[in-house]
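J.: Contents of protein38.txt (compact mmCIF, C-alpha atoms) are given next:
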# COMPACT_ATOMS: atom_id res chain seq x y z
CA MET A 292 -37.63 -2.19 2.61
CA HIS A 293 -34.71 -0.02 1.50
CA ARG A 294 -34.16 0.41 -2.23
CA VAL A 295 -30.92 0.74 -4.18
CA GLN A 296 -29.93 4.37 -4.70
CA PHE A 297 -27.37 4.64 -7.52
CA THR A 298 -24.99 7.57 -7.09
CA ALA A 299 -22.42 7.19 -9.91
CA GLU A 300 -21.82 5.12 -13.03
CA SER A 301 -18.86 4.43 -15.32
CA SER A 302 -17.77 1.66 -17.68
CA SER A 303 -14.54 0.20 -19.03
CA ASP A 304 -13.29 -3.03 -20.60
CA GLY A 305 -16.69 -4.68 -20.81
CA MET A 306 -17.79 -3.88 -17.26
CA VAL A 307 -20.23 -1.28 -15.90
CA GLU A 308 -19.48 0.04 -12.42
CA ARG A 309 -22.33 1.60 -10.41
CA ASP A 310 -21.87 3.06 -6.94
CA PHE A 311 -24.92 2.71 -4.73
CA THR A 312 -26.25 2.97 -1.21
CA VAL A 313 -28.84 0.81 0.55
CA GLY A 314 -30.08 2.22 3.83
CA GLY A 315 -27.04 4.47 3.97
CA VAL A 316 -24.54 1.60 3.45
CA PRO A 317 -22.24 2.31 0.47
CA GLY A 318 -21.58 -0.35 -2.13
CA VAL A 319 -20.62 -0.98 -5.73
CA LEU A 320 -22.32 -3.15 -8.36
CA TRP A 321 -20.38 -4.40 -11.39
CA SER A 322 -22.33 -5.70 -14.38
CA PRO A 323 -21.64 -6.71 -17.99
CA VAL A 324 -21.76 -3.85 -20.51
CA SER A 325 -23.93 -6.00 -22.75
CA GLY A 326 -26.10 -7.95 -20.36
CA PRO A 327 -27.98 -11.20 -21.10
CA ALA A 328 -31.57 -11.13 -22.30
CA GLY A 329 -32.87 -12.05 -18.84
CA PRO A 330 -31.73 -11.84 -15.21
CA ALA A 331 -28.19 -13.02 -14.49
CA PRO A 332 -26.67 -14.60 -11.36
CA LEU A 333 -25.42 -12.33 -8.58
CA VAL A 334 -22.20 -12.81 -6.60
CA LEU A 335 -21.75 -11.01 -3.28
CA MET A 336 -18.13 -10.35 -2.34
CA GLY A 337 -16.70 -9.50 1.08
CA HIS A 338 -13.51 -7.42 1.12
CA GLY A 339 -10.52 -8.02 3.40
CA GLY A 340 -9.75 -6.39 6.73
CA GLY A 341 -8.48 -2.83 6.48
CA THR A 342 -9.49 -2.52 2.81
CA HIS A 343 -12.70 -1.47 1.05
CA LYS A 344 -15.25 -2.28 -1.63
CA LYS A 345 -13.08 -1.12 -4.56
CA HIS A 346 -9.77 -2.58 -3.43
CA ARG A 347 -7.86 -4.02 -6.38
CA ALA A 348 -8.55 -7.56 -5.16
CA MET A 349 -12.28 -6.84 -5.41
CA THR A 350 -12.13 -5.22 -8.85
CA GLY A 351 -9.90 -8.02 -10.15
CA ARG A 352 -12.22 -10.78 -8.96
CA ALA A 353 -15.23 -8.84 -10.22
CA ARG A 354 -13.75 -8.57 -13.70
CA LEU A 355 -13.28 -12.35 -13.88
CA LEU A 356 -16.87 -12.97 -12.81
CA VAL A 357 -18.45 -10.22 -14.92
CA THR A 358 -16.56 -10.52 -18.19
CA GLY A 359 -15.89 -14.25 -17.92
CA CYS A 360 -19.29 -15.44 -16.71
CA GLY A 361 -21.77 -12.62 -17.29
CA PHE A 362 -22.48 -12.31 -13.55
CA HIS A 363 -23.39 -9.24 -11.53
CA VAL A 364 -21.02 -8.65 -8.59
CA ALA A 365 -21.73 -6.53 -5.52
CA VAL A 366 -19.54 -5.41 -2.61
CA ILE A 367 -20.48 -3.22 0.35
CA ASP A 368 -18.09 -1.52 2.73
CA ALA A 369 -17.91 -3.37 6.04
CA PRO A 370 -18.65 -1.31 9.17
CA GLY A 371 -15.72 1.00 9.90
CA HIS A 372 -14.17 0.41 6.47
CA GLY A 373 -13.99 2.30 3.17
CA ASP A 374 -16.43 5.19 3.07
CA ARG A 375 -17.92 4.34 6.45
CA PRO A 376 -16.69 6.23 9.53
CA ARG A 377 -14.94 4.41 12.35
CA THR A 378 -16.53 4.40 15.77
CA ALA A 379 -14.64 4.85 19.01
CA GLN A 380 -14.83 1.09 19.49
CA ASP A 381 -13.34 0.53 16.03
CA GLU A 382 -10.43 2.77 16.96
CA ARG A 383 -9.86 0.92 20.25
CA GLU A 384 -9.84 -2.46 18.52
CA ILE A 385 -7.47 -1.28 15.80
CA THR A 386 -5.12 0.25 18.35
CA GLU A 387 -5.09 -2.99 20.34
CA LEU A 388 -4.36 -4.98 17.18
CA ARG A 389 -1.44 -2.72 16.27
CA GLU A 390 -0.06 -2.96 19.80
CA ALA A 391 -0.24 -6.76 19.68
CA GLN A 392 1.57 -6.79 16.33
CA ALA A 393 4.27 -4.41 17.59
CA ALA A 394 4.82 -6.58 20.66
CA GLY A 395 5.00 -9.77 18.62
CA GLU A 396 1.91 -11.16 20.33
CA PRO A 397 -0.73 -13.30 18.58
CA ARG A 398 -3.22 -11.18 16.67
CA GLY A 399 -5.91 -13.84 16.55
CA PRO A 400 -7.75 -13.01 19.81
CA VAL A 401 -8.14 -9.35 18.82
CA VAL A 402 -9.13 -10.08 15.21
CA VAL A 403 -11.64 -12.76 16.18
CA ARG A 404 -13.35 -10.51 18.73
CA TYR A 405 -13.42 -7.48 16.42
CA ASN A 406 -14.65 -9.42 13.40
CA ALA A 407 -17.40 -11.08 15.43
CA ARG A 408 -18.74 -7.63 16.34
CA LEU A 409 -18.53 -6.50 12.72
CA ALA A 410 -20.43 -9.60 11.62
CA GLU A 411 -23.31 -8.77 13.96
CA LEU A 412 -23.65 -5.45 12.15
CA ALA A 413 -22.80 -6.56 8.62
CA VAL A 414 -25.01 -9.62 8.19
CA PRO A 415 -28.29 -7.66 8.42
CA GLU A 416 -26.80 -5.03 6.08
CA TRP A 417 -25.87 -7.69 3.54
CA ARG A 418 -29.34 -9.23 3.69
CA ALA A 419 -30.97 -5.83 3.17
CA THR A 420 -28.62 -5.20 0.25
CA LEU A 421 -29.51 -8.53 -1.31
CA ASP A 422 -33.22 -7.73 -0.92
CA ALA A 423 -32.71 -4.43 -2.70
CA LEU A 424 -30.51 -5.77 -5.50
CA GLN A 425 -32.98 -8.53 -6.30
CA GLU A 426 -35.56 -5.83 -7.00
CA LEU A 427 -33.49 -4.80 -10.04
CA PRO A 428 -34.84 -6.36 -13.27
CA GLU A 429 -31.36 -7.34 -14.46
CA ILE A 430 -30.89 -9.47 -11.31
CA GLY A 431 -34.36 -10.53 -10.18
CA ALA A 432 -35.55 -12.49 -7.18
CA GLU A 433 -35.33 -15.97 -8.70
CA GLY A 434 -31.73 -16.10 -9.88
CA PRO A 435 -28.91 -17.92 -8.10
CA VAL A 436 -26.67 -16.05 -5.65
CA GLY A 437 -23.08 -16.86 -4.66
CA TYR A 438 -20.64 -15.45 -2.13
CA VAL A 439 -16.86 -15.06 -2.04
CA GLY A 440 -14.75 -13.52 0.71
CA ILE A 441 -11.27 -14.08 2.13
CA GLY A 442 -10.07 -13.00 5.60
CA LEU A 443 -12.59 -10.51 6.96
CA GLY A 444 -14.78 -11.54 4.03
CA THR A 445 -14.88 -15.02 5.56
CA ALA A 446 -15.54 -13.73 9.08
CA LEU A 447 -18.61 -11.88 7.77
CA GLY A 448 -19.50 -14.37 5.06
CA VAL A 449 -19.77 -17.57 7.09
CA PRO A 450 -22.56 -16.23 9.35
CA LEU A 451 -24.20 -14.59 6.33
CA VAL A 452 -24.26 -17.78 4.27
CA ALA A 453 -25.47 -19.75 7.30
CA ASP A 454 -28.44 -17.38 7.72
CA GLU A 455 -29.22 -16.65 4.06
CA PRO A 456 -30.92 -19.47 2.11
CA ARG A 457 -30.70 -17.54 -1.17
CA ILE A 458 -26.92 -18.07 -1.29
CA THR A 459 -26.26 -21.41 -2.98
CA ALA A 460 -22.43 -21.59 -3.17
CA ALA A 461 -19.59 -19.89 -1.31
CA VAL A 462 -15.83 -19.39 -1.40
CA PHE A 463 -13.96 -18.66 1.86
CA GLY A 464 -10.40 -18.61 3.15
CA MET A 465 -7.85 -17.76 5.82
CA MET A 466 -9.72 -17.05 9.02
CA TRP A 467 -9.64 -18.34 12.59
CA PRO A 468 -12.59 -20.68 13.31
CA ASP A 469 -13.18 -19.53 16.91
CA ALA A 470 -16.35 -17.50 16.27
CA LEU A 471 -17.39 -19.30 13.08
CA THR A 472 -17.70 -22.99 13.91
CA GLY A 473 -21.35 -22.82 14.97
CA ALA A 474 -22.38 -21.02 11.79
CA ALA A 475 -20.19 -23.30 9.63
CA LYS A 476 -22.05 -26.33 10.97
CA ARG A 477 -25.26 -24.85 9.54
CA ILE A 478 -23.85 -24.38 6.05
CA THR A 479 -24.82 -27.16 3.63
CA VAL A 480 -24.24 -25.45 0.25
CA PRO A 481 -21.09 -26.22 -1.79
CA VAL A 482 -18.02 -24.56 -0.30
CA GLU A 483 -14.47 -23.92 -1.47
CA LEU A 484 -11.94 -22.98 1.24
CA ALA A 485 -8.40 -21.66 0.74
CA LEU A 486 -5.53 -22.35 3.17
CA GLN A 487 -2.00 -20.95 3.20
CA TRP A 488 0.16 -23.75 4.61
CA ASP A 489 2.84 -21.40 5.98
CA ASP A 490 0.48 -18.71 7.32
CA GLU A 491 2.33 -16.85 10.07
CA HIS A 492 -0.87 -15.70 11.76
CA ILE A 493 -3.46 -18.48 11.42
CA PRO A 494 -2.32 -22.03 12.29
CA ARG A 495 -3.11 -24.49 9.54
CA GLU A 496 -4.88 -26.65 12.12
CA ALA A 497 -7.34 -23.79 12.71
CA VAL A 498 -8.32 -23.55 9.05
CA LEU A 499 -8.57 -27.34 8.83
CA ALA A 500 -10.96 -27.23 11.80
CA LEU A 501 -13.11 -24.68 10.00
CA PHE A 502 -13.16 -26.84 6.88
CA ASP A 503 -14.18 -29.84 8.96
CA ALA A 504 -17.03 -27.84 10.55
CA PHE A 505 -18.85 -27.14 7.28
CA ALA A 506 -21.83 -29.48 6.90
CA SER A 507 -21.65 -29.27 3.11
CA LYS A 508 -21.71 -32.56 1.21
CA GLU A 509 -19.58 -30.89 -1.44
CA LYS A 510 -16.62 -28.98 -0.05
CA SER A 511 -13.11 -28.48 -1.42
CA LEU A 512 -9.95 -27.46 0.42
CA HIS A 513 -7.29 -25.61 -1.60
CA VAL A 514 -3.90 -25.72 0.11
CA ASN A 515 -1.02 -23.58 -1.15
CA SER A 516 2.45 -23.02 0.23
CA GLY A 517 3.18 -19.47 1.33
CA LYS A 518 2.41 -16.95 4.03
CA HIS A 519 -0.80 -15.11 4.89
CA ARG A 520 -0.58 -12.49 2.16
CA GLU A 521 0.74 -14.86 -0.50
CA LEU A 522 -2.51 -16.45 -1.66
CA PRO A 523 -1.84 -17.26 -5.33
CA ARG A 524 -3.71 -15.20 -7.88
CA PHE A 525 -4.85 -18.35 -9.63
CA GLU A 526 -7.14 -19.02 -6.67
CA ALA A 527 -9.34 -16.21 -8.03
CA ASP A 528 -9.61 -18.18 -11.28
CA SER A 529 -10.52 -21.29 -9.31
CA ALA A 530 -13.20 -19.39 -7.38
CA THR A 531 -14.63 -18.14 -10.68
CA ARG A 532 -14.88 -21.67 -12.08
CA PHE A 533 -16.42 -22.91 -8.83
CA LEU A 534 -19.11 -20.22 -8.81
CA ALA A 535 -19.78 -20.61 -12.52
CA ARG A 536 -20.32 -24.32 -12.05
CA HIS A 537 -22.73 -23.90 -9.15
CA LEU A 538 -24.54 -20.82 -10.43
CA GLY A 539 -25.13 -22.31 -13.83
CA ARG A 540 -22.95 -20.33 -16.21
CA PRO A 541 -20.07 -21.44 -18.48
CA VAL A 542 -16.75 -19.64 -18.09
CA THR A 543 -15.47 -17.85 -21.17
CA SER A 544 -12.29 -15.87 -21.69
CA PRO A 545 -12.49 -12.45 -20.02
CA ALA A 546 -13.07 -9.55 -22.40
Would you give me this structure, written as structure tokens?

T.:
Amino acid sequence: MHRVQFTAESSSDGMVERDFTVGGVPGVLWSPVSGPAGPAPLVLMGHGGGTHKKHRAMTGRARLLVTGCGFHVAVIDAPGHGDRPRTAQDEREITELREAQAAGEPRGPVVVRYNARLAELAVPEWRATLDALQELPEIGAEGPVGYVGIGLGTALGVPLVADEPRITAAVFGMMWPDALTGAAKRITVPVELALQWDDEHIPREAVLALFDAFASKEKSLHVNSGKHRELPRFEADSATRFLARHLGRPVTSPA
């Protein structure tokens, strides 16, 4: 089994940031400056398409979870993203996506195909990362684990949560269901799903179909007006409360 190799550390505003690698995959772990006496829950986060592990959306969500709940939060770069080199196939897919956008053609078929390939690579990487992180005494193997990811984070997260019994609650949003329905039908843990009602790329009926596919007895659909990139910031607060409720921690005011 691969172990966590920490490569850098810094701290600010009540949060410790540690860069790491697991089996050559780069990631970041955020933790409270003053941790609890025992192991604390871990939240895995998937970043969006074309971004990376330290994108401002990731650091913002991490701060809510770390300083507001005392959680540990980990993100790894998806294949071909962040500090990971792109392959020739990555470049071909990205070029095709840009050409479709320039021509005003639907981007869904390209995104779905590309993300499905990334998921095949990323799910084993995430599971290896979880194995390694649970070896750390401040996290441990017995504590609860949650997941949150929007866009690409959903495309990778749905198959991950379906295959990973250690994850006990998940937050998703804004992704075509085409390659995810089968995995969604195997997910029974509590789920929160976000939908932008006026999304110019993903038809609302597609996200509703994904919501319907989840086998979870407890699942919530959050619908907001606005386009694809206009997900309200307060949805991050909602995700924090959702994960705190299901991972067993009260939410306090962020430091």

J.: So which residues are close to (-13.3, -24.4, 8.1), meaning at most 9 Å away in the file's coordinates with only C-alpha atoms counted, and can you show them as an MDAnalysis selection string?

T.: chainID A and resid 463:468 471:472 475 484 497:505 512

J.: Measuring atom to atom with all atoms listed in the file, identify which of A:Arg408, A:Lys344, A:His293, A:Arg389 is nearest to Gln425 (chain A).

T.: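 With all atoms listed in the file as the atom set, the closest residue is A:His293.
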
J.: Fewer than 6 positions away in the same chain doesn't count, so skip those; otherwise give me all residues within 9 Å of region 370-383 of chain A, counting only C-alpha atoms, as a ChimeraX atom specification.

T.: /A:316-317,340-345,405,409-410,412-413

J.: For Arg532 (chain A), which of A:Arg477, A:Lys508, A:Arg404, A:Arg352 is the closest residue, counting all atoms listed in the file?

T.: A:Arg352

J.: So that I can check the surroundings of region 430-446 of chain A, please list as a ChimeraX atom specification every protein, DNA and RNA residue that reaches within 6 Å of it, counting only C-alpha atoms and ignoring chain neighbours fewer than 4 positions away.

T.: /A:330-340,425-426,458-466,538

J.: Just the number, please: distance in Å from CA of Ala419 (chain A) to CA of Glu455 (chain A), one decimal.

T.: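 CA of Glu455 (chain A) lies at a distance of 11.0 Å from CA of Ala419 (chain A).
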
J.: Enclose the full set of atoms of region 352-368 of chain A listed in the file within a box whose edges lie along x, y and z, apply 4 Å of padding to each of the six sides, and report centre and edge lengths in Å to one decimal as lines of an AutoDock Vina configuration file.

T.:
center_x = -17.8
center_y = -8.5
center_z = -7.7
size_x = 19.2
size_y = 21.9
size_z = 28.9

J.: Check the smallest atom-to-atom distance from each of A:His346, A:Asp490, A:Val449, A:Ala485 to Glu411 (chain A) using all atoms listed in the file, then report the winner.

T.: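 Between A:His346, A:Asp490, A:Val449, A:Ala485, the residue approaching Glu411 (chain A) most closely is A:Val449.
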
J.: Using all atoms listed in the file, pick whichever of A:Asp469, A:Glu416, A:Glu300, A:Glu483 has the shortest atom-to-atom distance to Val514 (chain A).

T.: A:Glu483

J.: As an exercise, work out the distance from CA of Ala453 (chain A) to CA of Glu509 (chain A) in Å and give it to one decimal place.

T.: 15.3 Å

J.: Name the closest residue to Val401 (chain A) among the candidates A:Gly517, A:Phe362, A:Ala470, A:Thr420; distances are taken between atoms, counting all atoms listed in the file.

T.: A:Ala470

J.: Can you tell me, as number ranges by chain, what residues are no more than 6 Å from region 294-296 of chain A when counting all atoms listed in the file, ignoring any on the same chain fewer than 3 positions away?

T.: A: 311-313, 423

J.: Could you take the residues named above and write them with C-alpha atoms, as a compact mmCIF listing (two decimals), in the frame of the given file?

T.:
# COMPACT_ATOMS: atom_id res chain seq x y z
CA PHE A 311 -24.92 2.71 -4.73
CA THR A 312 -26.25 2.97 -1.21
CA VAL A 313 -28.84 0.81 0.55
CA ALA A 423 -32.71 -4.43 -2.70
